[in-house]
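Engineer: Quick one, start07.cif (mmCIF, C-alpha atoms):
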```cif
data_model
loop_
_atom_site.label_atom_id
_atom_site.label_comp_id
_atom_site.auth_asym_id
_atom_site.auth_seq_id
_atom_site.Cartn_x
_atom_site.Cartn_y
_atom_site.Cartn_z
CA MET G 1 11.66 25.38 -14.86
CA PRO G 2 8.95 23.33 -13.18
CA HIS G 3 7.30 26.09 -11.14
CA ALA G 4 7.03 29.80 -11.88
CA GLY G 5 9.85 31.79 -10.36
CA TRP G 6 12.14 28.82 -9.78
CA SER G 7 15.80 28.84 -10.84
CA ASP G 8 17.47 26.28 -13.06
CA PHE G 9 21.03 25.08 -12.87
CA ALA G 10 21.80 23.29 -16.14
CA PHE G 11 24.91 21.43 -17.23
CA ASP G 12 26.07 18.41 -19.24
CA GLY G 13 27.14 15.27 -17.43
CA ILE G 14 27.52 11.53 -18.14
CA GLY G 15 26.52 12.16 -21.74
CA THR G 16 23.24 13.87 -21.09
CA ARG G 17 21.70 17.21 -20.14
CA TRP G 18 20.94 17.98 -16.49
CA GLU G 19 18.59 20.56 -15.07
CA ILE G 20 18.30 21.15 -11.36
CA SER G 21 15.42 23.39 -10.38
CA THR G 22 15.08 25.03 -7.00
CA PRO G 23 12.97 27.89 -5.55
CA LYS G 24 16.11 30.00 -5.10
CA PRO G 25 19.32 30.07 -7.17
CA LEU G 26 21.87 27.53 -5.95
CA PRO G 27 24.87 29.00 -4.13
CA SER G 28 28.22 28.54 -5.90
CA PRO G 29 29.63 26.01 -3.42
CA VAL G 30 26.59 23.79 -3.95
CA ARG G 31 26.98 24.06 -7.71
CA ARG G 32 30.62 23.06 -7.42
CA SER G 33 29.71 20.06 -5.25
CA LEU G 34 27.10 18.97 -7.76
CA LEU G 35 29.50 19.15 -10.69
CA GLY G 36 32.09 17.29 -8.63
CA VAL G 37 29.71 14.44 -7.85
CA VAL G 38 28.76 14.10 -11.51
CA GLU G 39 32.38 14.16 -12.67
CA ASP G 40 33.40 11.55 -10.06
CA TYR G 41 30.64 9.28 -11.23
CA ASP G 42 31.64 9.61 -14.85
CA ARG G 43 35.28 8.95 -14.04
CA SER G 44 34.29 5.80 -12.17
CA TYR G 45 31.72 4.23 -14.45
CA SER G 46 31.90 5.59 -17.97
CA ARG G 47 32.58 3.04 -20.65
CA PHE G 48 33.02 5.94 -23.07
CA ARG G 49 36.30 7.19 -21.62
CA THR G 50 39.61 5.40 -21.35
CA ASP G 51 40.57 6.88 -17.99
CA SER G 52 37.54 5.55 -16.10
CA LEU G 53 37.88 2.88 -13.42
CA ILE G 54 35.84 0.35 -15.28
CA ALA G 55 37.76 0.96 -18.52
CA ARG G 56 40.67 -0.90 -16.88
CA LEU G 57 38.58 -4.05 -16.79
CA ALA G 58 37.97 -3.79 -20.52
CA ARG G 59 41.72 -3.78 -21.17
CA GLU G 60 42.74 -6.68 -18.98
CA PRO G 61 41.47 -8.96 -16.21
CA GLY G 62 41.92 -7.60 -12.73
CA THR G 63 40.27 -5.87 -9.80
CA VAL G 64 39.03 -2.31 -9.42
CA VAL G 65 37.67 -0.58 -6.34
CA LEU G 66 34.67 1.58 -7.09
CA PRO G 67 33.01 4.23 -4.90
CA ALA G 68 30.92 3.01 -1.95
CA GLY G 69 27.68 3.39 -3.89
CA ALA G 70 28.73 0.43 -6.05
CA SER G 71 27.35 -1.95 -3.44
CA GLU G 72 23.83 -0.63 -4.05
CA LEU G 73 24.31 -1.21 -7.76
CA GLU G 74 25.53 -4.71 -7.06
CA VAL G 75 22.46 -5.63 -5.01
CA LEU G 76 20.10 -4.23 -7.61
CA PHE G 77 21.81 -5.73 -10.66
CA ARG G 78 22.15 -9.09 -8.94
CA LYS G 79 18.43 -9.15 -8.21
CA LEU G 80 17.43 -8.11 -11.72
CA TYR G 81 19.91 -10.52 -13.30
CA ARG G 82 18.19 -13.30 -11.37
CA LEU G 83 14.63 -12.14 -12.10
CA SER G 84 15.37 -11.67 -15.81
CA ARG G 85 17.29 -14.95 -16.04
CA GLY G 86 20.32 -13.16 -17.35
CA ALA G 87 18.51 -10.88 -19.81
CA MET G 88 19.29 -7.78 -17.76
CA THR G 89 22.98 -7.70 -16.99
CA PRO G 90 25.77 -5.22 -16.26
CA LEU G 91 27.84 -7.24 -18.73
CA ILE G 92 25.83 -6.03 -21.71
CA GLY G 93 28.63 -3.67 -22.78
CA SER G 94 30.29 -6.03 -25.22
CA SER G 95 26.96 -6.84 -26.87
CA LEU G 96 26.35 -3.10 -27.32
CA GLU G 97 29.80 -2.63 -28.79
CA GLN G 98 29.18 -5.53 -31.16
CA LEU G 99 26.14 -3.70 -32.51
CA GLY G 100 28.11 -0.49 -32.89
CA TYR G 101 27.33 1.36 -29.66
CA GLY G 102 30.83 1.62 -28.28
CA ALA G 103 33.11 4.42 -27.19
CA ASP G 104 34.01 5.12 -30.82
CA TYR G 105 30.34 5.64 -31.76
CA ALA G 106 30.90 3.47 -34.82
CA LEU G 107 27.16 2.80 -34.87
CA ARG G 108 27.74 0.03 -37.34
CA PRO G 109 27.37 -3.59 -36.29
CA ARG G 110 30.62 -5.55 -36.27
CA GLY G 111 28.66 -8.69 -37.01
CA HIS G 112 25.88 -10.78 -35.59
CA PRO G 113 24.60 -9.98 -32.09
CA VAL G 114 26.56 -11.67 -29.30
CA PRO G 115 25.08 -12.60 -25.92
CA ALA G 116 26.62 -11.01 -22.85
CA PRO G 117 29.11 -13.16 -20.95
CA ARG G 118 27.56 -14.88 -17.95
CA TRP G 119 28.04 -13.09 -14.64
CA GLU G 120 29.00 -16.31 -12.88
CA ASP G 121 31.68 -17.00 -15.48
CA VAL G 122 33.61 -13.74 -15.56
CA LEU G 123 32.54 -11.33 -12.83
CA GLU G 124 33.07 -11.20 -9.11
CA TRP G 125 31.27 -8.22 -7.64
CA ASN G 126 31.42 -7.73 -3.90
CA GLY G 127 30.31 -4.32 -2.77
CA SER G 128 32.67 -1.75 -4.18
CA LYS G 129 35.17 -4.35 -5.36
CA ILE G 130 34.86 -5.79 -8.85
CA SER G 131 37.08 -8.49 -10.26
CA ALA G 132 37.08 -9.68 -13.83
CA SER G 133 38.54 -13.00 -14.89
CA ALA G 134 38.51 -11.89 -18.52
CA PRO G 135 38.46 -8.46 -20.14
CA LEU G 136 34.88 -7.23 -19.90
CA VAL G 137 32.87 -4.16 -20.77
CA LEU G 138 30.86 -3.30 -17.71
CA ASP G 139 27.80 -1.22 -18.49
CA ILE G 140 25.84 -0.01 -15.49
CA GLY G 141 23.92 2.44 -17.68
CA ALA G 142 20.57 0.85 -16.87
CA ALA G 143 20.77 2.10 -13.29
CA GLY G 144 23.68 4.51 -13.27
CA LYS G 145 21.87 7.64 -14.29
CA GLY G 146 19.24 6.98 -11.65
CA GLN G 147 21.86 6.48 -8.99
CA LEU G 148 23.55 9.71 -9.96
CA VAL G 149 20.20 11.52 -9.74
CA ASP G 150 19.93 10.24 -6.16
CA LEU G 151 23.50 11.34 -5.40
CA VAL G 152 22.78 14.79 -6.79
CA ALA G 153 19.66 14.98 -4.63
CA ALA G 154 21.75 14.01 -1.60
CA VAL G 155 24.04 16.98 -2.25
CA LEU G 156 21.01 19.28 -2.30
CA ARG G 157 19.58 17.79 0.88
CA SER G 158 22.90 18.11 2.69
CA ALA G 159 22.79 21.81 1.78
CA ARG G 160 19.37 21.91 3.48
CA ILE G 161 17.54 22.33 0.20
CA THR G 162 14.33 20.37 0.48
CA GLU G 163 12.35 21.61 -2.51
CA PHE G 164 13.81 20.65 -5.86
CA LEU G 165 13.48 18.81 -9.11
CA VAL G 166 16.48 16.99 -10.50
CA ASP G 167 15.94 16.26 -14.18
CA ALA G 168 18.56 14.21 -16.01
CA SER G 169 16.90 14.46 -19.41
CA GLY G 170 13.74 12.67 -18.51
CA ASP G 171 14.81 10.68 -15.47
CA MET G 172 13.84 12.82 -12.53
CA LEU G 173 13.49 13.10 -8.80
CA HIS G 174 11.02 15.43 -7.15
CA SER G 175 11.08 16.71 -3.60
CA GLY G 176 8.76 19.26 -2.06
CA ALA G 177 5.23 20.18 -1.15
CA GLU G 178 3.90 20.96 -4.59
CA PRO G 179 3.46 18.03 -7.01
CA LEU G 180 4.63 18.39 -10.58
CA GLY G 181 2.83 17.39 -13.76
CA VAL G 182 5.18 15.61 -16.15
CA ALA G 183 4.35 14.69 -19.73
CA LEU G 184 5.11 11.18 -20.96
CA GLU G 185 6.91 11.46 -24.26
CA HIS G 186 5.31 9.70 -27.21
CA PRO G 187 7.58 6.79 -28.15
CA TYR G 188 7.22 7.51 -31.85
CA ASP G 189 7.05 11.31 -31.81
CA PRO G 190 9.09 13.43 -29.38
CA THR G 191 6.87 16.45 -30.11
CA GLN G 192 3.93 14.63 -28.57
CA ALA G 193 3.01 13.14 -25.22
CA ILE G 194 0.79 10.17 -24.50
CA GLY G 195 -0.20 11.30 -21.04
CA VAL G 196 0.62 13.36 -18.00
CA VAL G 197 1.62 11.96 -14.64
CA GLU G 198 1.74 13.73 -11.31
CA LEU G 199 5.11 13.39 -9.63
CA HIS G 200 5.37 14.04 -5.91
CA ASP G 201 8.26 13.23 -3.60
CA GLY G 202 9.75 10.46 -5.65
CA ALA G 203 11.42 9.44 -8.85
CA LEU G 204 10.04 9.09 -12.36
CA CYS G 205 12.22 7.37 -14.91
CA ALA G 206 11.73 6.42 -18.53
CA SER G 207 13.39 4.12 -20.95
CA ALA G 208 12.68 4.18 -24.63
CA ALA G 209 14.02 2.59 -27.74
CA ASN G 210 13.42 5.54 -30.02
CA ARG G 211 16.23 7.98 -29.53
CA ARG G 212 19.36 6.00 -28.74
CA ALA G 213 18.74 4.14 -31.96
CA TRP G 214 20.89 3.88 -35.01
CA GLY G 215 18.83 2.23 -37.69
CA ASP G 216 17.72 -1.25 -38.76
CA GLY G 217 16.03 -1.96 -35.45
CA LEU G 218 19.23 -1.23 -33.54
CA HIS G 219 18.76 0.49 -30.20
CA HIS G 220 20.34 0.42 -26.79
CA VAL G 221 18.03 -1.86 -24.83
CA LEU G 222 19.42 -5.34 -25.42
CA ASP G 223 18.51 -8.75 -24.13
CA GLY G 224 21.68 -10.05 -22.50
CA ALA G 225 20.77 -13.64 -23.27
CA THR G 226 20.76 -12.99 -27.02
CA GLY G 227 22.58 -9.68 -27.43
CA ARG G 228 19.69 -8.47 -29.60
CA PRO G 229 17.60 -5.32 -29.13
CA VAL G 230 14.19 -5.92 -27.56
CA GLU G 231 11.57 -5.63 -30.30
CA THR G 232 8.23 -5.92 -28.57
CA VAL G 233 8.44 -3.02 -26.12
CA VAL G 234 9.07 0.57 -27.20
CA ALA G 235 8.88 2.61 -24.01
CA THR G 236 8.52 2.21 -20.28
CA TRP G 237 8.02 4.52 -17.31
CA THR G 238 8.39 3.83 -13.62
CA MET G 239 7.82 5.66 -10.36
CA ALA G 240 9.66 4.59 -7.23
CA PRO G 241 11.01 6.20 -4.06
CA SER G 242 14.56 6.25 -5.46
CA ALA G 243 15.75 7.12 -8.95
CA LEU G 244 18.19 4.21 -8.74
CA GLU G 245 15.38 1.69 -8.58
CA ALA G 246 13.07 3.58 -10.93
CA ASP G 247 15.79 3.76 -13.58
CA ALA G 248 16.78 0.10 -13.35
CA LEU G 249 13.17 -1.03 -13.33
CA ALA G 250 12.40 1.01 -16.45
CA THR G 251 14.95 -1.09 -18.31
CA ALA G 252 13.89 -4.27 -16.54
CA LEU G 253 10.33 -3.77 -17.85
CA PHE G 254 11.68 -4.34 -21.36
CA LEU G 255 12.90 -7.77 -20.30
CA VAL G 256 10.78 -9.05 -17.43
CA ASP G 257 7.05 -9.53 -16.85
CA PRO G 258 5.89 -6.64 -14.63
CA LYS G 259 4.20 -9.10 -12.28
CA VAL G 260 7.56 -10.68 -11.51
CA LEU G 261 9.02 -7.26 -10.68
CA ASP G 262 5.91 -6.30 -8.71
CA GLU G 263 6.59 -9.09 -6.27
CA GLU G 264 10.02 -7.79 -5.32
CA PHE G 265 9.82 -4.02 -5.77
CA ASP G 266 7.52 -1.28 -4.53
CA PHE G 267 7.01 0.69 -7.74
CA SER G 268 4.51 1.84 -10.35
CA TRP G 269 4.93 1.12 -14.02
CA LEU G 270 3.70 1.87 -17.51
CA LYS G 271 4.75 -0.17 -20.49
CA VAL G 272 4.06 0.65 -24.16
CA TYR G 273 4.38 -2.13 -26.68
CA SER G 274 5.45 -1.87 -30.29
CA ASP G 275 1.87 -2.42 -31.48
CA GLY G 276 0.84 0.74 -29.61
CA HIS G 277 -1.03 -0.78 -26.71
CA ALA G 278 -0.08 -0.04 -23.16
CA ALA G 279 -0.26 -1.78 -19.80
CA TYR G 280 0.13 -0.06 -16.47
CA SER G 281 -0.11 -0.52 -12.74
CA ALA G 282 -2.50 1.39 -10.51
CA GLY G 283 0.01 4.19 -9.98
CA PHE G 284 -0.34 5.19 -13.64
CA GLU G 285 -4.13 4.87 -13.71
CA GLY G 286 -5.68 7.87 -15.42
CA THR G 287 -2.43 9.28 -16.78
CA LEU G 288 -2.83 8.26 -20.43
CA PHE G 289 -4.74 10.37 -22.92
CA THR G 290 -7.79 8.71 -24.39
CA MET M 291 -4.05 -13.50 -3.18
CA THR M 292 -4.53 -10.25 -1.34
CA THR M 293 -3.86 -6.98 -3.03
CA PRO M 294 -1.27 -4.88 -1.24
CA LEU M 295 -2.54 -1.46 -0.26
CA HIS M 296 -0.21 0.50 -2.48
CA LYS M 297 -1.59 -1.19 -5.54
CA SER M 298 -5.24 -1.12 -4.65
CA ILE M 299 -6.23 2.35 -5.81
CA LEU M 300 -7.71 1.08 -9.04
CA VAL M 301 -9.00 -2.04 -7.40
CA GLY M 302 -10.67 -0.05 -4.67
CA ALA M 303 -12.54 2.13 -7.10
CA ALA M 304 -13.70 -0.84 -9.11
CA GLY M 305 -14.57 -2.68 -5.94
CA LEU M 306 -17.24 -0.20 -4.95
CA THR M 307 -18.98 -0.76 -8.22
CA LEU M 308 -18.64 -4.50 -8.05
CA ALA M 309 -19.87 -4.69 -4.51
CA GLY M 310 -23.34 -3.86 -5.71
CA SER M 311 -23.50 -7.19 -7.47
CA VAL M 312 -22.44 -9.10 -4.42
CA ALA M 313 -24.85 -7.59 -1.98
CA ALA M 314 -25.23 -10.83 -0.09
CA CYS M 315 -22.40 -9.79 2.17
CA ALA M 316 -22.50 -10.78 5.76
CA PRO M 317 -20.21 -10.42 8.71
CA SER M 318 -17.64 -13.14 8.46
CA THR M 319 -18.71 -14.46 11.84
CA GLN M 320 -21.96 -15.58 10.27
CA ALA M 321 -20.61 -16.10 6.81
CA SER M 322 -21.65 -19.68 6.39
CA ALA M 323 -25.28 -18.92 7.08
CA ALA M 324 -25.47 -15.67 5.20
CA GLN M 325 -23.59 -16.64 2.09
CA SER M 326 -26.30 -19.06 1.14
CA SER M 327 -29.04 -16.56 1.87
CA THR M 328 -30.68 -14.55 -0.84
CA PRO M 329 -29.69 -10.93 -1.47
CA GLN M 330 -31.36 -8.66 1.03
CA GLY M 331 -32.11 -5.85 -1.34
CA THR M 332 -29.14 -3.88 -0.13
CA SER M 333 -26.80 -2.05 -2.36
CA THR M 334 -23.77 0.09 -2.09
CA GLN M 335 -23.59 3.48 -3.64
CA ALA M 336 -20.38 3.86 -5.43
CA GLY M 337 -18.81 7.19 -4.75
CA ALA M 338 -20.65 7.88 -1.54
CA GLY M 339 -19.12 4.82 0.01
CA LYS M 340 -22.10 4.57 2.36
CA LEU M 341 -24.14 1.44 2.71
CA ALA M 342 -27.74 2.03 1.84
CA THR M 343 -30.12 -0.08 3.82
CA THR M 344 -33.31 -0.68 2.01
CA GLY M 345 -35.67 -3.62 2.23
CA SER M 346 -36.38 -5.70 5.26
CA SER M 347 -33.30 -5.10 7.30
CA SER M 348 -34.52 -5.02 10.88
CA SER M 349 -31.78 -3.00 12.52
CA GLY M 350 -31.62 -0.39 9.77
CA SER M 351 -27.83 -0.46 9.71
CA TYR M 352 -24.95 -2.88 9.56
CA LYS M 353 -22.62 -3.76 12.35
CA ASP M 354 -19.04 -2.80 12.04
CA GLY M 355 -16.87 -5.62 10.85
CA THR M 356 -15.41 -7.32 7.87
CA TYR M 357 -17.79 -8.76 5.34
CA SER M 358 -16.77 -11.02 2.55
CA ALA M 359 -18.45 -12.86 -0.27
CA ASP M 360 -17.79 -14.28 -3.64
CA GLY M 361 -19.60 -12.48 -6.40
CA SER M 362 -20.12 -13.69 -9.89
CA TYR M 363 -20.31 -11.82 -13.12
CA THR M 364 -20.68 -12.69 -16.73
CA SER M 365 -17.54 -12.13 -18.72
CA PRO M 366 -16.98 -12.77 -22.41
CA ASN M 367 -15.56 -16.06 -21.22
CA GLY M 368 -18.67 -17.02 -19.32
CA GLN M 369 -19.45 -16.98 -15.62
CA GLU M 370 -16.58 -15.84 -13.39
CA THR M 371 -16.13 -15.17 -9.70
CA VAL M 372 -14.49 -12.41 -7.76
CA GLY M 373 -14.04 -12.37 -4.01
CA VAL M 374 -14.93 -9.08 -2.37
CA GLN M 375 -14.15 -8.11 1.19
CA LEU M 376 -15.67 -4.98 2.70
CA THR M 377 -14.72 -3.43 5.99
CA LEU M 378 -17.45 -1.39 7.66
CA SER M 379 -16.97 1.11 10.40
CA GLY M 380 -19.61 3.55 11.56
CA GLY M 381 -21.92 2.49 8.75
CA SER M 382 -19.39 3.48 6.10
CA ILE M 383 -17.11 1.38 3.99
CA SER M 384 -13.61 1.86 5.26
CA GLY M 385 -11.93 -0.74 3.12
CA VAL M 386 -12.47 -2.81 0.01
CA ASP M 387 -10.35 -5.68 -1.13
CA ILE M 388 -10.77 -7.86 -4.14
CA THR M 389 -9.51 -11.35 -4.67
CA VAL M 390 -9.70 -12.83 -8.10
CA HIS M 391 -10.50 -16.50 -8.57
CA PRO M 392 -9.80 -17.17 -12.21
CA SER M 393 -11.81 -20.23 -13.06
CA ASN M 394 -10.41 -20.72 -16.50
CA PRO M 395 -7.00 -19.94 -17.94
CA ASN M 396 -8.27 -17.34 -20.39
CA THR M 397 -9.85 -15.37 -17.62
CA LYS M 398 -6.66 -15.24 -15.61
CA LYS M 399 -5.24 -12.93 -18.22
CA PHE M 400 -8.26 -10.63 -18.33
CA GLN M 401 -8.55 -10.37 -14.58
CA GLY M 402 -4.89 -9.54 -14.37
CA GLU M 403 -5.44 -6.76 -16.83
CA PHE M 404 -8.49 -5.61 -14.92
CA LYS M 405 -6.33 -5.13 -11.87
CA ASP M 406 -3.46 -3.44 -13.64
CA GLY M 407 -4.99 -1.60 -16.56
CA ILE M 408 -4.67 -1.74 -20.31
CA ALA M 409 -4.94 0.89 -23.01
CA ALA M 410 -5.79 -0.57 -26.38
CA GLN M 411 -3.90 2.19 -28.16
CA ILE M 412 -1.85 5.10 -26.92
CA VAL M 413 -3.08 8.53 -27.94
CA GLY M 414 -0.69 11.40 -28.61
CA LYS M 415 -1.23 15.09 -27.95
CA LYS M 416 1.11 17.87 -29.01
CA LEU M 417 3.37 18.92 -26.18
CA ASP M 418 2.57 22.54 -27.04
CA ASP M 419 -1.06 21.86 -26.18
CA ILE M 420 -0.30 20.43 -22.75
CA ASN M 421 0.41 22.70 -19.84
CA VAL M 422 3.48 20.98 -18.43
CA SER M 423 7.07 22.09 -18.20
CA LYS M 424 8.71 18.69 -17.91
CA VAL M 425 8.80 15.67 -20.18
CA ALA M 426 9.90 12.16 -19.29
CA GLY M 427 10.95 10.03 -22.18
CA SER M 428 13.95 8.71 -23.94
CA SER M 429 16.91 10.63 -22.68
CA LEU M 430 18.56 13.23 -24.79
CA THR M 431 21.88 11.93 -25.86
CA SER M 432 25.34 13.33 -25.95
CA GLY M 433 26.69 15.29 -28.85
CA GLY M 434 28.93 12.39 -29.84
CA PHE M 435 26.08 10.00 -30.40
CA ASN M 436 23.95 12.48 -32.29
CA GLN M 437 26.82 13.56 -34.52
CA ALA M 438 27.61 9.96 -35.36
CA VAL M 439 24.02 9.30 -36.33
CA GLU M 440 24.02 12.38 -38.56
CA THR M 441 27.28 11.30 -40.18
CA ILE M 442 25.92 7.88 -40.97
CA LYS M 443 22.71 9.34 -42.35
CA SER M 444 24.61 11.67 -44.65
CA GLU M 445 26.92 8.90 -45.81
CA ALA M 446 23.94 6.70 -46.53
CA LYS M 447 22.43 9.22 -48.90
#
```
Represent the structure contained in this file as structure tokens.
Structural biologist:
Amino acid sequence: MPHAGWSDFAFDGIGTRWEISTPKPLPSPVRRSLLGVVEDYDRSYSRFRTDSLIARLAREPGTVVLPAGASELEVLFRKLYRLSRGAMTPLIGSSLEQLGYGADYALRPRGHPVPAPRWEDVLEWNGSKISASAPLVLDIGAAGKGQLVDLVAAVLRSARITEFLVDASGDMLHSGAEPLGVALEHPYDPTQAIGVVELHDGALCASAANRRAWGDGLHHVLDGATGRPVETVVATWTMAPSALEADALATALFLVDPKVLDEEFDFSWLKVYSDGHAAYSAGFEGTLFT
Amino acid sequence: MTTPLHKSILVGAAGLTLAGSVAACAPSTQASAAQSSTPQGTSTQAGAGKLATTGSSSSGSYKDGTYSADGSYTSPNGQETVGVQLTLSGGSISGVDITVHPSNPNTKKFQGEFKDGIAAQIVGKKLDDINVSKVAGSSLTSGGFNQAVETIKSEAK
């Protein structure tokens, strides 16, 4: 729990551990709403279950209608697809499966890396409506967890809970008067931190290549243009008003020069490279240990 | 290039220090005359954010307004310039803005880093030794993924 005396509500959802901390224990109806929102999201977007909405697109070309929040994802992915020149793409799913990170958790490459199909060739995404002209594995993982953190926070706010921390295993959203110190996990040693950042009324998200990794340089942050894992960056952190943006930008930092992102987004960033050096924007000034 | 406010925390702090080396500031209304004048023996005190007025200044204080000047410093690449703009109100600095003018391509990179920040090497500390309850890092993964990794490891032995 982030502050002494607070209560935690913990559960598993979308393949990760969630912890929602509030000054008082959450009433049962709120807990039920929270679990419902998480389950709805999973049933819409998971590429790890056959009954999800997007799983239909993997089986055959066609159209699916996603929840209303899909239009926010569309805007964000479209922007980052453009800024990264196709390196960051919601069509990365097939490249991940090729390297072994599919629903079957084969974790063995099927062969050489394959680039993601081009958005303009196979995907029509208009708001909540997605049409595929060929079977495709949509993977909105780069922003999905962040969006779900925001949705969870919205449930809390609608229950008039204004002080909380939503922590989806390292991607978090803070709301309340008292700031929270959060350690930045060492990219090469999860028992260590490389710094502490103060989080206050906003989101902090991280992306790292160390844990969703399955050997031989294989990890889950791929360059859509090549289908290969990014080798030069090992971990990124971002702070932004929404977890949706913070989450997506943490992945984008693996693939795009921060200055390019700086021009279009209001966010703070920290980027650690594979040689151990780090670069950061003013918002992360003074957070790293020296 | 003007630095947006939300990014100027670091720049602002550095600006106070730098301003001391570009003391030939003058209100922009008289910029053309003053910029060619010699430094007037004024300096800023970083931290206090108050303009000290030593030397031959007749009025004893500066008028409110926006002052700007290009300052130069010696970098490993040679002589470089940085534009500094100070806003004075009530004798105190109420705003600092820095504009970089990279004069050679190598410097562009360093000045960019100066504005954003670079750590040559990350330093780890044990989580047990840090008084925080939350950690942001690579997300914990689902049982399925972890089990599969373990299976592969054991098969590889």
Engineer: Written as a PyMOL selection string, which residues does the PyMOL selection byres ((chain G) within 6 of (chain M)) give for the file shown?
Structural biologist: chain G and resi 2+15-16+169-170+181-185+191-194+206-208+276-282+289-290
Engineer: With a distance cut-off of 6 Å and only C-alpha atoms, select the neighbouring residues of Thr238 (chain G), excluding the residue or stretch itself and same-chain residues fewer than 4 positions from it, and output the selection as a PyMOL selection string.
Structural biologist: chain G and resi 204-205+246+250+268-269
Engineer: Would you write out, as an MDAnalysis selection string, every residue that the PyMOL selection byres ((chain G and resi 24-38) around 8) captures in this file?
Structural biologist: chainID G and resid 6:9 13:14 22:23 39:42 148 151:152 155:156 159
Engineer: Rounded to one decimal, what separation in Å do you get between CA of Tyr45 (chain G) and CA of Ala248 (chain G)?
Structural biologist: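 Straight-line distance from CA of Tyr45 (chain G) to CA of Ala248 (chain G) works out to 15.5 Å.
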Engineer: The PyMOL selection byres ((chain G and resi 200) around 6) on the file shown: which residues, as a PDB file with C-alpha atoms, keeping the file's coordinate frame?
Structural biologist:
```pdb
ATOM      1  CA  HIS G 174      11.020  15.430  -7.150  1.00  0.00           C
ATOM      2  CA  PRO G 179       3.460  18.030  -7.010  1.00  0.00           C
ATOM      3  CA  LEU G 199       5.110  13.390  -9.630  1.00  0.00           C
ATOM      4  CA  ASP G 201       8.260  13.230  -3.600  1.00  0.00           C
ATOM      5  CA  GLY G 202       9.750  10.460  -5.650  1.00  0.00           C
TER       6      GLY G 202
END
```
Engineer: Enter the distance from CA of His112 (chain G) to CA of Phe48 (chain G), in Å, rounded to one decimal.
Structural biologist: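 Computing the Euclidean distance for CA of His112 (chain G) and CA of Phe48 (chain G) yields 22.1 Å.
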Engineer: Given all atoms listed in the file as the basis, pick out the residue of G:Val230, G:Leu253, G:Leu222, G:Ala235 nearest to Asp139 (chain G).
Structural biologist: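 Checking each of G:Val230, G:Leu253, G:Leu222, G:Ala235 against Asp139 (chain G), counting all atoms listed in the file, the winner is G:Leu222.
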Engineer: Identify, on the basis of all atoms listed in the file, every residue whose closest approach to Val137 (chain G) does not exceed 8 Å; exclude the query and any residue fewer than 3 positions from it along the same chain; express the result as a PyMOL selection string.
Structural biologist: chain G and resi 47+54-55+57-58+91-94
Engineer: Got a sec: who's within 9 Å of region 66-76 of chain G, counting only C-alpha atoms, leaving out chain neighbours fewer than 6 positions off, as a list in words?
Structural biologist: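 Listing them by chain and then by number gives Asp40, Tyr41, Ser44, Tyr45, Leu53, Ile54, Trp125, Asn126, Gly127, Ser128, Lys129, Ile130, Ile140, Ala143, Gly144, Gln147, Leu244, Glu245 and Ala248 of chain G.
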Engineer: What is the CA of Met1 (chain G)-CA of Glu19 (chain G) distance in Å, reported with one decimal?
Structural biologist: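 Computed distance, CA of Met1 (chain G) to CA of Glu19 (chain G), equals 8.4 Å.
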Engineer: Which of these, G:Pro113, G:Gly62, G:Gly195, G:Gly224, has the shortest distance to Thr251 (chain G) once you count all atoms listed in the file?
Structural biologist: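 Using all atoms listed in the file, the shortest distance to Thr251 (chain G) belongs to G:Gly224.
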Engineer: Once N, CA, C and O atoms are restored for region 40-46 of chain G, what would the output be as a short mmCIF file (atom, residue, chain, number, x, y, z; two decimals), keeping the file's coordinate frame?
Structural biologist:
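See result.cif below for the written result:
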```
data_model
loop_
_atom_site.label_atom_id
_atom_site.label_comp_id
_atom_site.auth_asym_id
_atom_site.auth_seq_id
_atom_site.Cartn_x
_atom_site.Cartn_y
_atom_site.Cartn_z
N ASP G 40 32.89 12.76 -10.73
CA ASP G 40 33.40 11.55 -10.06
C ASP G 40 32.70 10.30 -10.59
O ASP G 40 33.33 9.27 -10.80
N TYR G 41 31.41 10.43 -10.76
CA TYR G 41 30.64 9.28 -11.23
C TYR G 41 31.08 8.87 -12.62
O TYR G 41 31.30 7.69 -12.91
N ASP G 42 31.22 9.87 -13.47
CA ASP G 42 31.64 9.61 -14.85
C ASP G 42 33.02 8.95 -14.87
O ASP G 42 33.25 8.00 -15.62
N ARG G 43 33.92 9.48 -14.04
CA ARG G 43 35.28 8.95 -14.04
C ARG G 43 35.32 7.53 -13.49
O ARG G 43 36.21 6.75 -13.80
N SER G 44 34.34 7.16 -12.69
CA SER G 44 34.29 5.80 -12.17
C SER G 44 33.69 4.82 -13.17
O SER G 44 34.21 3.75 -13.41
N TYR G 45 32.55 5.23 -13.77
CA TYR G 45 31.72 4.23 -14.45
C TYR G 45 31.62 4.37 -15.96
O TYR G 45 31.05 3.50 -16.61
N SER G 46 32.14 5.42 -16.55
CA SER G 46 31.90 5.59 -17.97
C SER G 46 32.63 4.54 -18.80
O SER G 46 33.83 4.32 -18.62
#
```
